[in-house]
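Enquirer: Here you go, one structure.
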Amino acid sequence: MIVVTGATGNVGRPLTQALAEAGQQVIAVSRHAAAVPDGVRHVTADLGDPAGLEPVLAGAKALFLLLSGDLHAAGAGPADIIDQAAAGGVRRVVLLSTQGVATRPFGPTRIAMRAVEDALRESGLDWSILRPGGFASNALWWAESIRARRVVAAPFGDVGVPIIDPADIAETAAACLLDDRHTGGVYELTGPAVITPRRQAEAIAAALGSPVRFHDLTRDEAKAAMAQNMPTELAEDTLDILGSPSPAELRVSPDVQRVLGRAPRTFADWAARNIAAFR
């Protein structure tokens, strides 16, 4: 049995599907009720309460740990989930971390995630750590404005990073959950090339077959919009990366190719598969 947390999100959903198609027994965990693939058991649970995961983890052989906003919740103890997994007999944990642990290690959210990584390393369990950069699916923030006005509004229109397709993260996670060769691996996950927000808008327009106008936001405008959906501190960190990526954040990593034996998908691939969200 493999437990997948965050199972209804951009990474968890394709991961759950991939594991089910591989013939694995899967428990999909999310905060709210959701549809899951045939043969997959769904459990509603709050990762902010690790004790509540005890019946889910009991008897499982592996865990995909995606903390998302739970990492930043008041009183959260994400490392406790690793202890709970070990107590329940889990043997392998694949942790979805973040590239910023290495590229910007001194921000509070990165320090917190590093502590979770360290707890996993010291747990005695088999482990793999995935450190993706920016997600292609962040473009879904633009879906409403594209549908209504055919406009993308974003800051730093001509500053790019090599964003990753969440489907590639999911496939890499599946490989790490199923293949002992990835035990102890720390994988930085990026797309195949640097792409700017303006070029992303052009890729969406091409998939739509309809022009999409790009509107540059100021940093303050972008921060105000982002702060509606994430902690202000995290919005500031994200804008720092988007506006002034470091050489490490501009680097195209070979790790997707190394794990999956193929190049990572392009943003245009992601846009074509998800174009219904923008129509």
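Chain identifiers are assigned as A, B, and so on, following the order in which chains appear in the structure tokens; residues are numbered from 1 within each chain, and ligands are numbered from 1 in order of appearance.
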I need the residues in segment 39-71 of chain A that are alpha helix (DSSP H) according to DSSP; give them as a list in words.

Expert: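 The alpha helix (DSSP H) residues within segment 39-71 of chain A come out as Glu54, Pro55, Val56 and Leu57 of chain A.
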
Enquirer: Would you save the residues from that selection as an mmCIF file, in the first residue's frame, using N, CA, C and O atoms?

Expert:
```
data_model
loop_
_atom_site.group_PDB
_atom_site.id
_atom_site.type_symbol
_atom_site.label_atom_id
_atom_site.label_comp_id
_atom_site.auth_asym_id
_atom_site.auth_seq_id
_atom_site.Cartn_x
_atom_site.Cartn_y
_atom_site.Cartn_z
ATOM 1 N N GLU A 54 -2.633 8.212 11.717
ATOM 2 C CA GLU A 54 -2.209 6.888 12.213
ATOM 3 C C GLU A 54 -2.940 5.742 11.516
ATOM 4 O O GLU A 54 -2.292 4.798 11.022
ATOM 5 N N PRO A 55 -4.280 5.776 11.409
ATOM 6 C CA PRO A 55 -4.944 4.640 10.756
ATOM 7 C C PRO A 55 -4.671 4.566 9.259
ATOM 8 O O PRO A 55 -4.766 3.489 8.660
ATOM 9 N N VAL A 56 -4.319 5.693 8.643
ATOM 10 C CA VAL A 56 -4.017 5.712 7.213
ATOM 11 C C VAL A 56 -2.661 5.069 6.950
ATOM 12 O O VAL A 56 -2.484 4.299 5.991
ATOM 13 N N LEU A 57 -1.686 5.366 7.805
ATOM 14 C CA LEU A 57 -0.319 4.919 7.583
ATOM 15 C C LEU A 57 -0.073 3.486 8.054
ATOM 16 O O LEU A 57 0.876 2.843 7.590
#
```

Enquirer: Counting only C-alpha atoms, which residues of segment 203-250 of chain A fall within 10 Å of segment 104-126 of chain A, and what is the closest atom pair for each with its distance in Å at one decimal, ordered by chain and rising number, as a Markdown table?

Expert:
```
| residue | atom | partner | partner_atom | distance |
| --- | --- | --- | --- | --- |
| A:Glu233 | CA | A:Thr109 | CA | 8.3 |
| A:Leu234 | CA | A:Thr109 | CA | 7.3 |
| A:Asp237 | CA | A:Gly107 | CA | 7.5 |
| A:Asp240 | CA | A:Arg104 | CA | 9.9 |
| A:Ile241 | CA | A:Arg104 | CA | 9.0 |
| A:Ser246 | CA | A:Arg104 | CA | 9.0 |
| A:Ala248 | CA | A:Arg104 | CA | 9.7 |
| A:Glu249 | CA | A:Arg104 | CA | 9.5 |
```

Enquirer: Any chance you could export the current selection's N, CA and C atoms as a PDB file, in the first residue's frame?

Expert:
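Below you can see again_30.pdb, which holds the result:
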```
ATOM      1  N   GLU A 233       4.850  36.578   3.421  1.00  0.00           N
ATOM      2  CA  GLU A 233       6.272  36.199   3.400  1.00  0.00           C
ATOM      3  C   GLU A 233       6.586  35.290   2.207  1.00  0.00           C
ATOM      4  N   LEU A 234       5.693  34.335   1.932  1.00  0.00           N
ATOM      5  CA  LEU A 234       5.899  33.431   0.806  1.00  0.00           C
ATOM      6  C   LEU A 234       5.747  34.169  -0.520  1.00  0.00           C
ATOM      7  N   ASP A 237       9.008  35.953  -1.113  1.00  0.00           N
ATOM      8  CA  ASP A 237      10.033  35.002  -1.552  1.00  0.00           C
ATOM      9  C   ASP A 237       9.844  34.642  -3.021  1.00  0.00           C
ATOM     10  N   ASP A 240      10.841  37.474  -5.280  1.00  0.00           N
ATOM     11  CA  ASP A 240      12.306  37.595  -5.346  1.00  0.00           C
ATOM     12  C   ASP A 240      12.866  36.666  -6.413  1.00  0.00           C
ATOM     13  N   ILE A 241      12.369  35.434  -6.434  1.00  0.00           N
ATOM     14  CA  ILE A 241      12.851  34.464  -7.422  1.00  0.00           C
ATOM     15  C   ILE A 241      12.430  34.867  -8.830  1.00  0.00           C
ATOM     16  N   SER A 246      18.570  33.497  -9.418  1.00  0.00           N
ATOM     17  CA  SER A 246      20.009  33.294  -9.302  1.00  0.00           C
ATOM     18  C   SER A 246      20.483  32.384 -10.426  1.00  0.00           C
ATOM     19  N   ALA A 248      21.735  29.529 -10.099  1.00  0.00           N
ATOM     20  CA  ALA A 248      21.257  28.181  -9.781  1.00  0.00           C
ATOM     21  C   ALA A 248      19.801  27.999 -10.170  1.00  0.00           C
ATOM     22  N   GLU A 249      19.006  29.066 -10.056  1.00  0.00           N
ATOM     23  CA  GLU A 249      17.585  28.989 -10.398  1.00  0.00           C
ATOM     24  C   GLU A 249      17.344  29.071 -11.903  1.00  0.00           C
TER      25      GLU A 249
END
```

Enquirer: Please list as number ranges by chain every residue within 10 Å of segment 199-206 of chain A, counting only C-alpha atoms and excluding residues in the same chain fewer than 2 positions away.

Expert: A: 136, 139, 142, 146, 150-154, 157-160, 194-197, 208-214, 267-272, 274-275, 278

Enquirer: Identify, on the basis of only C-alpha atoms, every residue whose closest approach to segment 2-19 of chain A does not exceed 10 Å; exclude the query and any residue fewer than 5 positions from it along the same chain; express the result as a PyMOL selection string.

Expert: chain A and resi 24-38+40-47+56-57+59-68+85+90+92-94+96+135-138+165-175+177-178

Enquirer: Would you save the residues from that selection as a PDB file, in the first residue's frame, using C-alpha atoms?

Expert:
```pdb
ATOM      1  CA  GLN A  24      -0.241  -0.527  -6.816  1.00  0.00           C
ATOM      2  CA  GLN A  25      -2.724  -0.320  -3.962  1.00  0.00           C
ATOM      3  CA  VAL A  26      -3.083   3.385  -3.193  1.00  0.00           C
ATOM      4  CA  ILE A  27      -4.665   5.451  -0.436  1.00  0.00           C
ATOM      5  CA  ALA A  28      -5.288   9.001  -1.658  1.00  0.00           C
ATOM      6  CA  VAL A  29      -5.298  11.547   1.176  1.00  0.00           C
ATOM      7  CA  SER A  30      -6.680  15.074   0.889  1.00  0.00           C
ATOM      8  CA  ARG A  31      -8.375  17.600   3.118  1.00  0.00           C
ATOM      9  CA  HIS A  32     -11.651  17.447   1.216  1.00  0.00           C
ATOM     10  CA  ALA A  33     -13.651  14.706  -0.467  1.00  0.00           C
ATOM     11  CA  ALA A  34     -12.697  14.135  -4.090  1.00  0.00           C
ATOM     12  CA  ALA A  35     -13.033  11.699  -6.966  1.00  0.00           C
ATOM     13  CA  VAL A  36     -10.128   9.251  -7.349  1.00  0.00           C
ATOM     14  CA  PRO A  37      -9.247   6.575  -9.927  1.00  0.00           C
ATOM     15  CA  ASP A  38     -11.023   3.231  -9.789  1.00  0.00           C
ATOM     16  CA  VAL A  40      -8.011   3.821  -5.163  1.00  0.00           C
ATOM     17  CA  ARG A  41      -9.222   4.390  -1.609  1.00  0.00           C
ATOM     18  CA  HIS A  42      -9.772   8.022  -0.621  1.00  0.00           C
ATOM     19  CA  VAL A  43      -9.326   9.272   2.937  1.00  0.00           C
ATOM     20  CA  THR A  44     -10.053  12.771   4.196  1.00  0.00           C
ATOM     21  CA  ALA A  45      -7.390  13.932   6.642  1.00  0.00           C
ATOM     22  CA  ASP A  46      -5.715  17.106   7.870  1.00  0.00           C
ATOM     23  CA  LEU A  47      -1.907  16.997   7.762  1.00  0.00           C
ATOM     24  CA  VAL A  56      -4.017   5.712   7.213  1.00  0.00           C
ATOM     25  CA  LEU A  57      -0.319   4.919   7.583  1.00  0.00           C
ATOM     26  CA  GLY A  59       0.424  -1.141   7.211  1.00  0.00           C
ATOM     27  CA  ALA A  60       1.499   1.125   4.330  1.00  0.00           C
ATOM     28  CA  LYS A  61       4.860   0.428   2.701  1.00  0.00           C
ATOM     29  CA  ALA A  62       5.509   3.903   1.280  1.00  0.00           C
ATOM     30  CA  LEU A  63       4.414   7.528   1.644  1.00  0.00           C
ATOM     31  CA  PHE A  64       4.473  10.470  -0.732  1.00  0.00           C
ATOM     32  CA  LEU A  65       4.615  13.527   1.503  1.00  0.00           C
ATOM     33  CA  LEU A  66       3.359  16.815   0.073  1.00  0.00           C
ATOM     34  CA  LEU A  67       2.965  19.377   2.819  1.00  0.00           C
ATOM     35  CA  SER A  68       1.762  22.412   0.864  1.00  0.00           C
ATOM     36  CA  ALA A  85       4.984   6.951   9.265  1.00  0.00           C
ATOM     37  CA  VAL A  90       6.185   2.687   6.464  1.00  0.00           C
ATOM     38  CA  ARG A  92       9.971   4.532   2.264  1.00  0.00           C
ATOM     39  CA  VAL A  93       9.100   8.253   2.107  1.00  0.00           C
ATOM     40  CA  VAL A  94       9.339  10.493  -0.946  1.00  0.00           C
ATOM     41  CA  LEU A  96       8.184  16.976  -2.162  1.00  0.00           C
ATOM     42  CA  PHE A 135       5.403  24.889 -11.595  1.00  0.00           C
ATOM     43  CA  ALA A 136       3.895  25.245 -15.074  1.00  0.00           C
ATOM     44  CA  SER A 137       0.503  24.935 -13.392  1.00  0.00           C
ATOM     45  CA  ASN A 138       1.018  28.317 -11.714  1.00  0.00           C
ATOM     46  CA  ASP A 165       5.370  20.340 -15.603  1.00  0.00           C
ATOM     47  CA  PRO A 166       3.711  18.798 -12.503  1.00  0.00           C
ATOM     48  CA  ALA A 167       3.185  15.607 -14.507  1.00  0.00           C
ATOM     49  CA  ASP A 168       6.976  15.221 -14.639  1.00  0.00           C
ATOM     50  CA  ILE A 169       7.169  15.681 -10.872  1.00  0.00           C
ATOM     51  CA  ALA A 170       4.504  12.989 -10.474  1.00  0.00           C
ATOM     52  CA  GLU A 171       6.312  10.527 -12.747  1.00  0.00           C
ATOM     53  CA  THR A 172       9.580  11.147 -10.917  1.00  0.00           C
ATOM     54  CA  ALA A 173       7.844  10.608  -7.582  1.00  0.00           C
ATOM     55  CA  ALA A 174       6.365   7.332  -8.841  1.00  0.00           C
ATOM     56  CA  ALA A 175       9.808   6.136  -9.901  1.00  0.00           C
ATOM     57  CA  LEU A 177       8.390   5.220  -4.685  1.00  0.00           C
ATOM     58  CA  LEU A 178       8.763   2.049  -6.752  1.00  0.00           C
TER      59      LEU A 178
END
```

Enquirer: So how many Å separate atom CA of Trp141 of chain A and atom CA of Gly77 of chain A, to one decimal?

Expert: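 Atom-to-atom, atom CA of Trp141 of chain A to atom CA of Gly77 of chain A, that is 28.9 Å.
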
Enquirer: Can you list, as a list in words, all residues belonging to segment 76-219 of chain A that DSSP tags as strand (DSSP E)?

Expert: Arg92, Val93, Val94, Leu95, Leu96, Asp126, Trp127, Ser128, Ile129, Leu130, Arg131, Pro132, Val151, Val152, Ala153, Ala154, Pro155, Val186, Tyr187, Glu188, Leu189, Arg213, Phe214, His215, Asp216 and Leu217 of chain A

Enquirer: State, in Å with one decimal place, the distance from atom CA of Trp127 of chain A to atom CA of Gly185 of chain A.

Expert: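 Distance between the two atoms: 7.5 Å.
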
Enquirer: Closest to Pro264 of chain A among A:Ala193, A:Leu140, A:Met1, A:Ile129, using only C-alpha atoms?

Expert: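 So, comparing all the options, the nearest one is A:Ala193.
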
Enquirer: Would you please work out which residue, of A:Arg149, A:Arg279, A:Lys223, A:Arg251, is nearest to Val161 of chain A when using only C-alpha atoms?

Expert: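 Between A:Arg149, A:Arg279, A:Lys223, A:Arg251, the residue approaching Val161 of chain A most closely is A:Arg251.
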